[in-house]
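Reading through the structure tokens given below for one structure.
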Amino acid sequence: MCGIVGAVAQRNVVPILLEGLQRLEYRGYDSAGLVVVRDGQLERVRSTGRVAELTEKSAATHGLIGIAHTRWATHGAPSERNAHPHISKNHIAVVHNGIIENYEALRTYLTAAGYEFTSDTDTEVIAHLVHSHYARGNSLLAATQAALAELVGAYAIGVIAADNPDQLICARRGSPLLLGVGSGEHFVASDVSALLPVTRQVVYLEEGDVVELGRLGYRIFDAQGTQVERAVQVSELSNESVQLGAYRHYMQKEIHEQPQALADTLESVCNSQSLVPGIFGAEAAATFADIDSILILACGTSHHAGLAARYWLEEIAGIRCNVEIASEYRYRTSVPNPKTLVVVISQSGETADTQAALNHAKAQGHGHTLAICNVPESALVRLCKLRLLTRAGPEIGVASTKAFTTQLAALFLLTLVLAKTRGRLTAQQEQQYLHELRHLPSAVQKVLELEPLIAKLAEHFAGKQHALFLGRGLHYPIALEGALKLKEISYIHAEAYPAGELKHGPLALVDKDMPVISVAPNDALLEKLKSNLQEVRARGGELYVFADADTHIHAADGIHIMQMPEHAGYLSPILHTIPLQLLAYYVALQKGTDVDKPRNLAKSVTVE
Ligand code: G6P
């Protein structure tokens with residue numbers, strides 16, 4: 001959600017900015033823009049289309065310093081006048097990611113001071129504020145620091161001035177931003193993938209940092225204004241890992257990467273003979289011995305992973321578990337328990353609501369915190385005492401796939417380690433689970449072979465307006481995830497219900513036009529599920545059943561069966577997720593939607 005790229009170099013930075021923006025497209029945006037300094041003037045280009053359109057419009061633009069932005073509208077409609085960069089008095093240009101909460105008061109004050117607003121954005125106040133301090137003779141750094149002191153809210157920003165072609169100022173608080181270190185050139189970006197063509201050496205900024213970037217060096221100041229050193233790290237992200245390769249879409253690529261992503265996430269555990277708390281961090285053993293319950297906080301797909309984990313945690317580890325949507329929890333009065341382990345789950349590690357929920361939990365006295373996250377240097381990882389990193393690699397498609405299944409794998413590990421800590425895992429069971437985890441990547445690979453059949457099945461859905469997903473128990477969250485995938489990328493209205501709840505409402509919706517998709521593992525609830533499916537069939541509903549091999553659910557008129565290769569016991573939700581991802585993908589193809597960048601959605605939701 002919103003992307004920033006900036007560069008100060010001894011060569012034309014426009015191609016660097018444009019390529020960076022293109023690599024940030026996946027975060028979600030509705031307009032884009034850039035600005036450079038050329039002959040003492042700011043030269044700005046903006047567009048409401050794709051980055052490709054901005055590239056065409058910038059063909060004649062040239063400069064050795066510049067900032068660029070992809071915008072995801074919050075304040076003001078997606079339009080060229082609201083697109084960043086925003087400029088004050090032809091002199092100061094700003095790009096911003098985040099939300100300035102006190103912008104209305106600042107706008108009133110700045111208007112009275114003679115500043116003219118040309119957009120509806122909150123960002124424009126930053127440009128005018130920096131200008132007001134710069135015009136009083138402050139350096140660009142000091143002017144930006146003074147402006148930031150007046151802001152309430154979250155930001156990552158880049159600032160340049162028309163009469164200062166050598167300095168780029170950037171800062172972060174609540175939104176991600178990192179520096180790229182080159183030779184004779186320096187860069188800034190929202191995430192490392194934007195900088196891979198120019199450098200691998202990066203500096204992750206801390207909350208409140210303000211940076212002055214020049215061609216030959218940079219200076220970082222912390223929230224108190226003290227100059228500080230931050231470690232330069234070499235990113236391990238390969239350029240190939242963010243390239244599409246032979247696939248048609250990132251989502252398809254990422255669905256197919258799941259066997260490897262799971263193998264990588266489970267690597268350290270599968271190579272050892274026993275499960276140890278240490279995989280969650282040095283303090284994990286002491287923490288796990290102290291806790292009596294779990295509270296999971298997350299959003300979107302990550303929340304669904306939490307819902308599935310609750311079944312494992314309560315049943316296998318015998319530990320009480322609550323799962324809450326982060327955006328609700330952060331404003332809810334709840335009863336804190338210092339013996340609770342707060343687990344935040346996030347692909348990006350930057351989701352604003354999840355961060356706020358974690359901070360809310362901490363403020364309530366929760367000291368035990370664990371992040372399950374796919375981005376090692378992200379805010380959530382840094383905010384938690386314990387961590388387990390999923391190793392899914394970069395996920396570019398907005399609809400989360402490999403991040404979800406690796407989150408499930410990580411949560412299963414948490415379950416097993418807690419079960420062992422609590423004396424609920426025999427040595428034999430431990431070995432059996434380790435065996436099943438080692439087998440998981442190849443089991444997922446086998447499910448992927450259903451792809452051609454699912455592509456065919458998807459043709460049935462292209463003309464549908466609605467779909468109902470059913471699951472029971474541990475697989476109800478998988479039905480939720482299947483419905484989310486379908487609505488996100490095909491725009492078909494999809495709902496998920498626990499099958500036992502059918503009679504209490506959704507059955508009223510069932511007729512021949514309502515496809516009903518059911519997850520049917522061979523577990524203890526199978527016979528109950530079969531009865532629920534009969535209820536659907538009796539009302540003329542068309543059934544699409546993803547059934548384990550030995551469930552004895554047979555194809556018939558109005559009943560379409562997709563046979564899963566095997567039943568994976570407790571790990572079954574991971575296998576059953578795959579065909580639902582593929583189904584959503586192929587239905588979206590049928591409908592011709594923008595699979596990787598669905599309308600109105602963003603990959604990283606860094607604002608509330
Ligand atoms: C957005 C994304 C979803 C994701 C959710 C939570 O809505 O489009 O795919 O599940 O944010 O993101 P997180 O990075 O915290 O897992």
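Ligands are numbered from 1 in the order shown, residues from 1 within each chain, and chains are lettered A, B, ... in the order they appear in the structure tokens.
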Open item on the list: Residues contacting ligand 1 - anything with an atom at most 10 Å away, using only C-alpha atoms and all ligand atoms - can you give me those as a ChimeraX atom specification?
Closed with: /A:1,26-28,297-305,326,344-355,372-375,380,395-401,403-404,407,481,484-485,488,597-598,600-606
Open item on the list: I want to know what sits within 8 Å of stretch 578-593 of chain A, based on only C-alpha atoms, with residues of the same chain fewer than 2 positions away left out; could you give that as a PyMOL selection string?
Closed with: chain A and resi 251-252+255+401+444+447-448+450-451+454-455+457-459+461-462+482+485-486+489-490+546+574-576+595+598
Task: Interatomic distance, atom CA of A:Phe469 to atom CA of A:Leu295 (Å, one decimal) - done: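 Between atom CA of A:Phe469 and atom CA of A:Leu295 the gap works out to 26.5 Å.
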Within 6 Å of stretch 510-528 of chain A, which residues of stretch 462-494 of chain A come that close, and what is the closest atom pair and distance in Å for each? Count only C-alpha atoms and give it as JSON lines.
{"residue": "A:Ala467", "atom": "CA", "partner": "A:Pro515", "partner_atom": "CA", "distance": 5.2}
{"residue": "A:Leu468", "atom": "CA", "partner": "A:Val516", "partner_atom": "CA", "distance": 4.8}
{"residue": "A:Phe469", "atom": "CA", "partner": "A:Ile517", "partner_atom": "CA", "distance": 4.7}
{"residue": "A:Leu470", "atom": "CA", "partner": "A:Ser518", "partner_atom": "CA", "distance": 4.7}
{"residue": "A:Gly471", "atom": "CA", "partner": "A:Val519", "partner_atom": "CA", "distance": 5.2}
Write the selection just made, keeping C-alpha atoms, as a PDB file, in the first residue's frame?
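Result went into selection02.pdb, see below:
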ATOM      1  CA  ALA A 467     -20.699 -19.008  -4.008  1.00  0.00           C
ATOM      2  CA  LEU A 468     -20.989 -20.727  -0.654  1.00  0.00           C
ATOM      3  CA  PHE A 469     -18.054 -22.523   0.985  1.00  0.00           C
ATOM      4  CA  LEU A 470     -18.590 -25.157   3.658  1.00  0.00           C
ATOM      5  CA  GLY A 471     -16.176 -26.789   6.053  1.00  0.00           C
TER       6      GLY A 471
END
Open item on the list: Under the rule that only C-alpha atoms are counted, which of A:Ala161, A:Glu283, A:Leu21, A:Ala154 is the nearest residue to A:His86?
Closed with: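 Nearest to A:His86: A:Ala161.
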TODO: Give the strand (DSSP E) residues of stretch 530-604 of chain A, as assigned by DSSP on the backbone, as a PyMOL selection string.
DONE: chain A and resi 542-547+559-563
Selection file, N, CA, C and O atoms, as a CSV table (one decimal), in the first residue's frame:
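To be explicit, this is the file written out as result.csv:
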chain,number,residue,atom,x,y,z
A,542,GLU,N,-25.9,-27.0,-6.4
A,542,GLU,CA,-24.8,-27.8,-7.2
A,542,GLU,C,-23.6,-27.9,-6.2
A,542,GLU,O,-23.1,-26.9,-5.7
A,543,LEU,N,-23.1,-29.1,-6.0
A,543,LEU,CA,-22.0,-29.3,-5.0
A,543,LEU,C,-20.7,-29.6,-5.7
A,543,LEU,O,-20.6,-30.3,-6.7
A,544,TYR,N,-19.7,-28.9,-5.2
A,544,TYR,CA,-18.3,-29.1,-5.6
A,544,TYR,C,-17.5,-29.6,-4.4
A,544,TYR,O,-17.3,-28.8,-3.5
A,545,VAL,N,-17.1,-30.8,-4.3
A,545,VAL,CA,-16.6,-31.4,-3.1
A,545,VAL,C,-15.1,-31.7,-3.3
A,545,VAL,O,-14.8,-32.5,-4.2
A,546,PHE,N,-14.3,-31.2,-2.4
A,546,PHE,CA,-12.9,-31.6,-2.4
A,546,PHE,C,-12.7,-32.7,-1.3
A,546,PHE,O,-12.7,-32.4,-0.1
A,547,ALA,N,-12.7,-33.9,-1.8
A,547,ALA,CA,-12.8,-35.0,-0.8
A,547,ALA,C,-11.5,-35.8,-0.8
A,547,ALA,O,-10.9,-36.1,-1.8
A,559,ILE,N,-23.4,-33.4,-8.3
A,559,ILE,CA,-22.3,-33.5,-7.3
A,559,ILE,C,-21.0,-33.7,-8.0
A,559,ILE,O,-20.8,-34.7,-8.7
A,560,HIS,N,-20.1,-32.7,-8.0
A,560,HIS,CA,-18.8,-32.8,-8.6
A,560,HIS,C,-17.7,-33.1,-7.6
A,560,HIS,O,-17.7,-32.4,-6.6
A,561,ILE,N,-16.9,-34.2,-7.8
A,561,ILE,CA,-15.9,-34.5,-6.8
A,561,ILE,C,-14.5,-34.3,-7.3
A,561,ILE,O,-14.2,-34.7,-8.4
A,562,MET,N,-13.7,-33.6,-6.5
A,562,MET,CA,-12.3,-33.5,-6.7
A,562,MET,C,-11.6,-34.4,-5.7
A,562,MET,O,-11.7,-34.2,-4.5
A,563,GLN,N,-11.0,-35.5,-6.2
A,563,GLN,CA,-10.4,-36.4,-5.3
A,563,GLN,C,-9.0,-35.9,-4.8
A,563,GLN,O,-8.1,-35.7,-5.6
Name the residues in contact with A:Leu151 at a cut-off of 10 Å, using only C-alpha atoms, excluding same-chain residues fewer than 4 positions from it; report them as an mmCIF file with C-alpha atoms, in the first residue's frame.
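Result file follows (around.cif):
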data_model
loop_
_atom_site.group_PDB
_atom_site.id
_atom_site.type_symbol
_atom_site.label_atom_id
_atom_site.label_comp_id
_atom_site.auth_asym_id
_atom_site.auth_seq_id
_atom_site.Cartn_x
_atom_site.Cartn_y
_atom_site.Cartn_z
ATOM 1 C CA ILE A 99 -1.835 8.895 7.426
ATOM 2 C CA ILE A 100 -1.435 12.300 9.069
ATOM 3 C CA GLU A 101 -4.192 12.407 11.670
ATOM 4 C CA ASN A 102 -4.015 16.124 12.499
ATOM 5 C CA TYR A 103 -3.948 17.251 8.868
ATOM 6 C CA LEU A 106 -2.583 21.881 10.003
ATOM 7 C CA VAL A 125 0.414 19.641 4.631
ATOM 8 C CA ILE A 126 3.860 18.042 4.996
ATOM 9 C CA LEU A 129 5.142 22.628 6.631
ATOM 10 C CA ALA A 146 10.721 20.631 12.529
ATOM 11 C CA ALA A 147 7.814 19.687 10.271
ATOM 12 C CA TYR A 155 4.568 8.277 7.892
#
Task: Test item: residues at most 9 Å from A:Ala52, only C-alpha atoms, excluding those fewer than 5 positions along its chain, as number ranges by chain - done: A: 18, 22, 57
Open item on the list: Can you pull out the residues contacting A:Phe280? Cut-off 12 Å, using only C-alpha atoms, and skip same-chain residues under 5 positions away; I want them as a ChimeraX atom specification.
Closed with: /A:268-269,275,285-288,343,369-373,381,384-390,410-411,413-415,417-418
